[in-house]
Amino acid sequence: MSQPVELPRWVDIGVLPLVNLAMALAVSAIVVAVIGLDPVQVITQLVKGAFGTRSGLSYTLYYATTFTFTGLAVAVAFHGGLFNIGGEGQALVGGLAVAAVSLAFGPSLPALLMLPLAVAAAMAGGAAWAAVPAALQAWRGSHVVITTIMFNFIASALLAWLLVNHLKAPGGMTVETVAFADSAHLPGMHELLAAIGLDWPRTPLNASLLLAGVAAVGVWALLWRLRAGYELRAVGHSAEAAHYAGIHPKRQVMLAMLISGALAGMVGINELSGVQHKLLLDFVAGAGFTGIAVSLIGRNHPLGIVLAALLFGALFQGGAELAFEVPGFSRDMVTTLQGLIVLFSGAMARVAAPALGRLVMALQPAAPAATGAAHG
């Protein structure tokens, strides 16, 4: 069996993901050419749709906001030695908590109190849903991958039951709640920019973008600047060694999953408080699973996750534009493109590593000859 290739850190987290992305785009171009379309036209239209207009850029950032939350959620658990694939269910319960406090307190509380309460509820809901799989992992040895999968289904069923039987708007046929009060609406980005004199089109982009930025900086500070993060990463590297050093692995498992669930729960703020202003049946729409790919591509680093979330946001927005602008290019092709990127950045992430390692070695200057040898 071949040994894993050790690359310089700047190559591992900077160059290798770009090489993987280039290989994915090259294979995608071949697929596009095989079905009879022009790859250059498709890529150009995708980039133009995602970044070419202020409206397109806003939609890209809106999608990226959700993926940043779920990507960070996966990364925090990963650094703790856990593979949390329950972001979908944690986001659903986070959104359910947002709806509960918004419907209960929105009519009576001003926005200055209501919005922080909604954020706290989203984080608490997601963390609470992650707490049970974490406890089962820590004290009973139940693998967190299995339990979080099951909790995704339970969360979906719970939300459907509550919406259909208890929370649905009276007299309505659509499975959704009544609209939140105005105080529970997160300001849109066009409103925030208008306050400082900038004209911006009305889009789903809202103040959650700023919260996602704060979350990314907070995760970086936690993992690489605080003792709590060091202990969490130590358990992720070797639970037995960490325990020998006086760190409690069970406590770190709970901490990692609670933070992870809280981050996933923030999806409810972006989607419900920021855009829909009511609770819907499937507002997460797979963002929890997309967060796994975002975290893998971002190498589990907050900066990489933000960039990967931007990439997936561009694929979602640019892909939607492609379906309108390029005849024959369907949403299924966009899904194929996303799948190829995940394939090359996840399962095949190290394929190019040996070649990159040899290239780096070849470009390094030769070491000077030993002094003793020079003197014979």
# chains A, B, ... in the order shown; residues from 1 in each chain; ligands from 1
call {"tool": "closest_atom_pairs", "arguments": {"of": "range 31-134 of chain A", "to": "range 154-166 of chain A", "cutoff": "10 Å", "atoms": "only C-alpha atoms", "output": "JSON lines"}}
result
{"residue": "A:Gly86", "atom": "CA", "partner": "A:Ala155", "partner_atom": "CA", "distance": 9.7}
{"residue": "A:Glu88", "atom": "CA", "partner": "A:Ala155", "partner_atom": "CA", "distance": 8.5}
{"residue": "A:Gly89", "atom": "CA", "partner": "A:Ala155", "partner_atom": "CA", "distance": 5.1}
{"residue": "A:Gln90", "atom": "CA", "partner": "A:Ala155", "partner_atom": "CA", "distance": 7.7}
{"residue": "A:Ala91", "atom": "CA", "partner": "A:Ala155", "partner_atom": "CA", "distance": 9.1}
{"residue": "A:Leu92", "atom": "CA", "partner": "A:Ala155", "partner_atom": "CA", "distance": 6.5}
{"residue": "A:Val93", "atom": "CA", "partner": "A:Ala155", "partner_atom": "CA", "distance": 6.5}
{"residue": "A:Gly95", "atom": "CA", "partner": "A:Leu159", "partner_atom": "CA", "distance": 9.6}
{"residue": "A:Leu96", "atom": "CA", "partner": "A:Leu159", "partner_atom": "CA", "distance": 7.3}
{"residue": "A:Trp129", "atom": "CA", "partner": "A:Ala155", "partner_atom": "CA", "distance": 8.4}
call {"tool": "residues_around", "arguments": {"residues": "Gly319 in chain A", "least_positions_apart": "4", "cutoff": "9 Å", "atoms": "only C-alpha atoms", "output": "number ranges by chain"}}
result
A: 45-46, 49-50, 314-315, 323-324, 329-331, 333-335
call {"tool": "select_by_dssp", "arguments": {"residues": "range 110-335 of chain A", "states": "alpha helix (DSSP H)", "output": "PyMOL selection string"}}
result
chain A and resi 111-135+144-162+189-195+208-225+227-237+239-244+249-265+267-268+287-297+302-325+331-335
call {"tool": "write_last_selection", "arguments": {"atoms": "C-alpha atoms", "output": "short mmCIF file (atom, residue, chain, number, x, y, z; two decimals), in the first residue's frame"}}
result
data_model
loop_
_atom_site.label_atom_id
_atom_site.label_comp_id
_atom_site.auth_asym_id
_atom_site.auth_seq_id
_atom_site.Cartn_x
_atom_site.Cartn_y
_atom_site.Cartn_z
CA ALA A 111 -37.30 43.83 16.48
CA LEU A 112 -34.35 44.70 18.74
CA LEU A 113 -35.45 41.97 21.14
CA MET A 114 -37.19 39.62 18.72
CA LEU A 115 -34.32 39.08 16.29
CA PRO A 116 -31.66 38.16 18.91
CA LEU A 117 -34.24 35.84 20.47
CA ALA A 118 -34.81 34.18 17.08
CA VAL A 119 -31.05 33.71 16.58
CA ALA A 120 -30.72 32.20 20.06
CA ALA A 121 -33.68 29.91 19.39
CA ALA A 122 -32.19 28.72 16.07
CA MET A 123 -28.89 27.86 17.73
CA ALA A 124 -30.57 26.23 20.72
CA GLY A 125 -32.88 24.15 18.52
CA GLY A 126 -30.02 22.86 16.36
CA ALA A 127 -27.83 22.17 19.39
CA ALA A 128 -30.60 20.34 21.21
CA TRP A 129 -31.20 18.08 18.19
CA ALA A 130 -27.48 17.29 18.01
CA ALA A 131 -27.21 16.64 21.76
CA VAL A 132 -28.89 13.24 21.73
CA PRO A 133 -26.64 11.64 19.06
CA ALA A 134 -23.67 13.23 20.83
CA ALA A 135 -24.63 11.71 24.18
CA VAL A 144 -22.81 9.40 15.37
CA VAL A 145 -23.09 8.81 11.60
CA ILE A 146 -25.91 6.31 12.09
CA THR A 147 -27.75 8.26 14.76
CA THR A 148 -27.60 11.59 12.92
CA ILE A 149 -28.94 9.93 9.76
CA MET A 150 -31.91 8.64 11.71
CA PHE A 151 -32.42 11.98 13.41
CA ASN A 152 -32.71 13.61 9.99
CA PHE A 153 -35.73 11.43 9.24
CA ILE A 154 -37.20 11.98 12.69
CA ALA A 155 -36.84 15.76 12.37
CA SER A 156 -38.52 15.73 8.97
CA ALA A 157 -41.41 13.63 10.26
CA LEU A 158 -41.77 15.77 13.39
CA LEU A 159 -41.90 18.99 11.38
CA ALA A 160 -44.49 17.55 8.98
CA TRP A 161 -46.67 16.33 11.85
CA LEU A 162 -46.52 19.65 13.68
CA MET A 189 -29.45 43.55 2.35
CA HIS A 190 -31.13 46.06 0.04
CA GLU A 191 -32.61 47.74 3.14
CA LEU A 192 -29.27 47.81 4.98
CA LEU A 193 -27.47 49.25 1.96
CA ALA A 194 -30.24 51.79 1.38
CA ALA A 195 -29.65 53.04 4.94
CA SER A 208 -27.71 36.58 7.70
CA LEU A 209 -24.72 37.14 5.42
CA LEU A 210 -23.12 39.17 8.22
CA LEU A 211 -23.97 36.47 10.76
CA ALA A 212 -22.30 33.86 8.54
CA GLY A 213 -19.15 35.99 8.45
CA VAL A 214 -19.19 36.29 12.24
CA ALA A 215 -19.69 32.53 12.53
CA ALA A 216 -16.70 31.81 10.27
CA VAL A 217 -14.42 34.11 12.28
CA GLY A 218 -15.77 32.66 15.52
CA VAL A 219 -15.09 29.08 14.44
CA TRP A 220 -11.55 30.02 13.38
CA ALA A 221 -10.90 31.72 16.73
CA LEU A 222 -12.36 28.78 18.62
CA LEU A 223 -10.36 26.12 16.83
CA TRP A 224 -6.99 27.84 16.51
CA ARG A 225 -6.88 30.56 19.15
CA ARG A 227 -7.76 26.39 24.59
CA ALA A 228 -11.21 24.85 24.15
CA GLY A 229 -10.56 24.49 20.43
CA TYR A 230 -7.13 23.01 21.03
CA GLU A 231 -8.63 20.39 23.33
CA LEU A 232 -11.35 19.65 20.80
CA ARG A 233 -8.80 19.14 18.02
CA ALA A 234 -6.62 17.05 20.31
CA VAL A 235 -9.51 14.64 20.89
CA GLY A 236 -10.14 14.59 17.14
CA HIS A 237 -6.54 13.54 16.46
CA ALA A 239 -8.93 10.54 21.93
CA GLU A 240 -6.70 8.20 23.97
CA ALA A 241 -3.70 10.55 23.90
CA ALA A 242 -5.93 13.49 24.79
CA HIS A 243 -7.40 11.53 27.70
CA TYR A 244 -3.88 10.69 28.90
CA PRO A 249 -13.07 13.05 25.38
CA LYS A 250 -16.77 12.67 26.27
CA ARG A 251 -17.02 16.35 27.16
CA GLN A 252 -15.34 17.27 23.87
CA VAL A 253 -17.73 15.07 21.89
CA MET A 254 -20.65 16.92 23.44
CA LEU A 255 -19.01 20.32 22.85
CA ALA A 256 -18.24 19.58 19.19
CA MET A 257 -21.74 18.33 18.42
CA LEU A 258 -23.51 21.13 20.30
CA ILE A 259 -21.55 23.80 18.40
CA SER A 260 -22.06 21.89 15.16
CA GLY A 261 -25.81 21.65 15.73
CA ALA A 262 -26.05 25.32 16.69
CA LEU A 263 -24.35 26.35 13.43
CA ALA A 264 -26.66 24.13 11.37
CA GLY A 265 -29.66 25.59 13.19
CA VAL A 267 -30.05 27.98 8.47
CA GLY A 268 -33.47 28.74 9.92
CA ALA A 287 -28.44 22.31 2.44
CA GLY A 288 -27.39 20.06 5.30
CA PHE A 289 -25.97 17.48 2.91
CA THR A 290 -24.42 20.13 0.67
CA GLY A 291 -22.57 21.37 3.74
CA ILE A 292 -20.62 18.09 3.80
CA ALA A 293 -19.28 18.77 0.32
CA VAL A 294 -18.59 22.40 1.21
CA SER A 295 -16.59 21.35 4.25
CA LEU A 296 -14.62 18.74 2.27
CA ILE A 297 -13.73 21.19 -0.48
CA PRO A 302 -13.36 28.47 7.85
CA LEU A 303 -11.73 30.46 5.03
CA GLY A 304 -11.83 27.48 2.70
CA ILE A 305 -15.45 26.80 3.68
CA VAL A 306 -16.48 30.38 2.85
CA LEU A 307 -14.83 30.08 -0.58
CA ALA A 308 -16.37 26.64 -1.17
CA ALA A 309 -19.80 27.96 -0.13
CA LEU A 310 -19.36 30.77 -2.63
CA LEU A 311 -18.53 28.19 -5.30
CA PHE A 312 -21.68 26.18 -4.57
CA GLY A 313 -23.73 29.36 -4.38
CA ALA A 314 -22.46 30.25 -7.84
CA LEU A 315 -23.31 26.77 -9.11
CA PHE A 316 -26.86 27.05 -7.79
CA GLN A 317 -27.47 30.56 -9.11
CA GLY A 318 -25.48 30.18 -12.33
CA GLY A 319 -27.09 26.81 -12.96
CA ALA A 320 -30.56 28.32 -12.65
CA GLU A 321 -29.60 30.95 -15.21
CA LEU A 322 -28.19 28.28 -17.51
CA ALA A 323 -31.48 26.40 -17.53
CA PHE A 324 -33.14 29.55 -18.92
CA GLU A 325 -30.43 30.87 -21.21
CA ARG A 331 -30.98 21.40 -13.83
CA ASP A 332 -29.86 17.78 -13.98
CA MET A 333 -26.70 18.91 -15.73
CA VAL A 334 -26.05 21.37 -12.91
CA THR A 335 -26.43 18.51 -10.45
#
call {"tool": "closest_residue", "arguments": {"among": "A:Ile269, A:Gly197, A:Leu340, A:Leu7", "to": "Ile30 in chain A", "atoms": "only C-alpha atoms"}}
result
A:Leu340
call {"tool": "atom_distance", "arguments": {"atom1": "CA of Pro327 in chain A", "atom2": "CA of Asn20 in chain A"}}
result
28.3 Å
call {"tool": "residues_around", "arguments": {"residues": "range 13-17 of chain A", "least_positions_apart": "4", "cutoff": "10 Å", "atoms": "only C-alpha atoms", "output": "number ranges by chain"}}
result
A: 7-9, 21-23, 296-301, 304, 308, 344-346, 349-353, 356
call {"tool": "atom_distance", "arguments": {"atom1": "CA of Val31 in chain A", "atom2": "CA of Leu57 in chain A"}}
result
26.5 Å
call {"tool": "closest_atom_pairs", "arguments": {"of": "range 116-178 of chain A", "to": "range 273-285 of chain A", "cutoff": "7 Å", "atoms": "only C-alpha atoms", "output": "CSV"}}
result
residue,atom,partner,partner_atom,distance
A:Ala160,CA,A:Leu281,CA,6.4
A:Val175,CA,A:Leu281,CA,6.6
A:Glu176,CA,A:Leu280,CA,4.9
A:Thr177,CA,A:Leu279,CA,5.4
A:Val178,CA,A:Lys278,CA,6.2
call {"tool": "closest_residue", "arguments": {"among": "A:Ala73, A:Val19, A:Ala33, A:Leu109", "to": "Asp182 in chain A", "atoms": "only C-alpha atoms"}}
result
A:Leu109
call {"tool": "atom_distance", "arguments": {"atom1": "CA of Ala100 in chain A", "atom2": "CA of Ala64 in chain A"}}
result
25.6 Å
call {"tool": "closest_residue", "arguments": {"among": "A:Ala138, A:Leu272, A:Ala97, A:Ala245", "to": "Pro187 in chain A", "atoms": "only C-alpha atoms"}}
result
A:Leu272
call {"tool": "decode", "arguments": {"residues": "range 42-53 of chain A", "atoms": "all heavy atoms", "output": "mmCIF file, in the first residue's frame"}}
result
data_model
loop_
_atom_site.group_PDB
_atom_site.id
_atom_site.type_symbol
_atom_site.label_atom_id
_atom_site.label_comp_id
_atom_site.auth_asym_id
_atom_site.auth_seq_id
_atom_site.Cartn_x
_atom_site.Cartn_y
_atom_site.Cartn_z
ATOM 1 N N VAL A 42 -21.229 27.463 -21.998
ATOM 2 C CA VAL A 42 -21.871 27.052 -20.741
ATOM 3 C C VAL A 42 -21.153 27.667 -19.532
ATOM 4 O O VAL A 42 -21.787 28.243 -18.638
ATOM 5 C CB VAL A 42 -21.895 25.511 -20.641
ATOM 6 C CG1 VAL A 42 -22.277 25.070 -19.225
ATOM 7 C CG2 VAL A 42 -22.869 24.937 -21.654
ATOM 8 N N ILE A 43 -19.814 27.544 -19.503
ATOM 9 C CA ILE A 43 -19.058 28.087 -18.376
ATOM 10 C C ILE A 43 -19.196 29.609 -18.316
ATOM 11 O O ILE A 43 -19.387 30.194 -17.237
ATOM 12 C CB ILE A 43 -17.573 27.683 -18.484
ATOM 13 C CG1 ILE A 43 -17.432 26.158 -18.393
ATOM 14 C CG2 ILE A 43 -16.769 28.347 -17.371
ATOM 15 C CD1 ILE A 43 -17.870 25.566 -17.083
ATOM 16 N N THR A 44 -19.132 30.245 -19.476
ATOM 17 C CA THR A 44 -19.270 31.711 -19.504
ATOM 18 C C THR A 44 -20.633 32.145 -18.985
ATOM 19 O O THR A 44 -20.743 33.089 -18.193
ATOM 20 C CB THR A 44 -19.071 32.225 -20.945
ATOM 21 O OG1 THR A 44 -17.783 31.810 -21.414
ATOM 22 C CG2 THR A 44 -19.173 33.739 -20.985
ATOM 23 N N GLN A 45 -21.677 31.441 -19.431
ATOM 24 C CA GLN A 45 -23.027 31.792 -18.987
ATOM 25 C C GLN A 45 -23.210 31.509 -17.500
ATOM 26 O O GLN A 45 -23.887 32.267 -16.784
ATOM 27 C CB GLN A 45 -24.048 30.995 -19.797
ATOM 28 C CG GLN A 45 -25.488 31.428 -19.593
ATOM 29 C CD GLN A 45 -25.718 32.871 -19.999
ATOM 30 O OE1 GLN A 45 -25.285 33.299 -21.073
ATOM 31 N NE2 GLN A 45 -26.385 33.644 -19.152
ATOM 32 N N LEU A 46 -22.579 30.441 -17.002
ATOM 33 C CA LEU A 46 -22.684 30.116 -15.571
ATOM 34 C C LEU A 46 -22.049 31.225 -14.722
ATOM 35 O O LEU A 46 -22.633 31.685 -13.736
ATOM 36 C CB LEU A 46 -22.015 28.772 -15.310
ATOM 37 C CG LEU A 46 -22.217 28.148 -13.917
ATOM 38 C CD1 LEU A 46 -22.201 26.631 -14.021
ATOM 39 C CD2 LEU A 46 -21.177 28.592 -12.919
ATOM 40 N N VAL A 47 -20.848 31.651 -15.120
ATOM 41 C CA VAL A 47 -20.157 32.714 -14.368
ATOM 42 C C VAL A 47 -20.929 34.025 -14.470
ATOM 43 O O VAL A 47 -21.084 34.751 -13.482
ATOM 44 C CB VAL A 47 -18.714 32.877 -14.891
ATOM 45 C CG1 VAL A 47 -18.040 34.063 -14.225
ATOM 46 C CG2 VAL A 47 -17.910 31.603 -14.648
ATOM 47 N N LYS A 48 -21.432 34.311 -15.665
ATOM 48 C CA LYS A 48 -22.198 35.543 -15.848
ATOM 49 C C LYS A 48 -23.469 35.526 -15.019
ATOM 50 O O LYS A 48 -23.844 36.536 -14.403
ATOM 51 C CB LYS A 48 -22.540 35.714 -17.339
ATOM 52 C CG LYS A 48 -23.297 36.993 -17.641
ATOM 53 C CD LYS A 48 -23.615 37.076 -19.144
ATOM 54 C CE LYS A 48 -24.465 38.334 -19.439
ATOM 55 N NZ LYS A 48 -24.824 38.379 -20.880
ATOM 56 N N GLY A 49 -24.157 34.381 -14.992
ATOM 57 C CA GLY A 49 -25.391 34.292 -14.207
ATOM 58 C C GLY A 49 -25.157 34.421 -12.717
ATOM 59 O O GLY A 49 -26.000 34.939 -11.986
ATOM 60 N N ALA A 50 -23.987 33.970 -12.258
ATOM 61 C CA ALA A 50 -23.697 34.000 -10.818
ATOM 62 C C ALA A 50 -23.126 35.329 -10.371
ATOM 63 O O ALA A 50 -23.396 35.787 -9.250
ATOM 64 C CB ALA A 50 -22.727 32.869 -10.466
ATOM 65 N N PHE A 51 -22.319 35.975 -11.223
ATOM 66 C CA PHE A 51 -21.612 37.181 -10.786
ATOM 67 C C PHE A 51 -21.799 38.372 -11.720
ATOM 68 O O PHE A 51 -21.311 39.464 -11.422
ATOM 69 C CB PHE A 51 -20.100 36.899 -10.680
ATOM 70 C CG PHE A 51 -19.748 35.787 -9.728
ATOM 71 C CD1 PHE A 51 -19.358 34.547 -10.201
ATOM 72 C CD2 PHE A 51 -19.824 35.986 -8.359
ATOM 73 C CE1 PHE A 51 -19.029 33.518 -9.322
ATOM 74 C CE2 PHE A 51 -19.504 34.965 -7.473
ATOM 75 C CZ PHE A 51 -19.112 33.735 -7.960
ATOM 76 N N GLY A 52 -22.476 38.179 -12.840
ATOM 77 C CA GLY A 52 -22.525 39.233 -13.854
ATOM 78 C C GLY A 52 -23.439 40.395 -13.549
ATOM 79 O O GLY A 52 -23.296 41.465 -14.150
ATOM 80 N N THR A 53 -24.386 40.210 -12.666
ATOM 81 C CA THR A 53 -25.315 41.287 -12.319
ATOM 82 C C THR A 53 -25.406 41.394 -10.802
ATOM 83 O O THR A 53 -25.054 40.460 -10.081
ATOM 84 C CB THR A 53 -26.721 41.014 -12.888
ATOM 85 O OG1 THR A 53 -27.254 39.828 -12.259
ATOM 86 C CG2 THR A 53 -26.671 40.818 -14.390
#
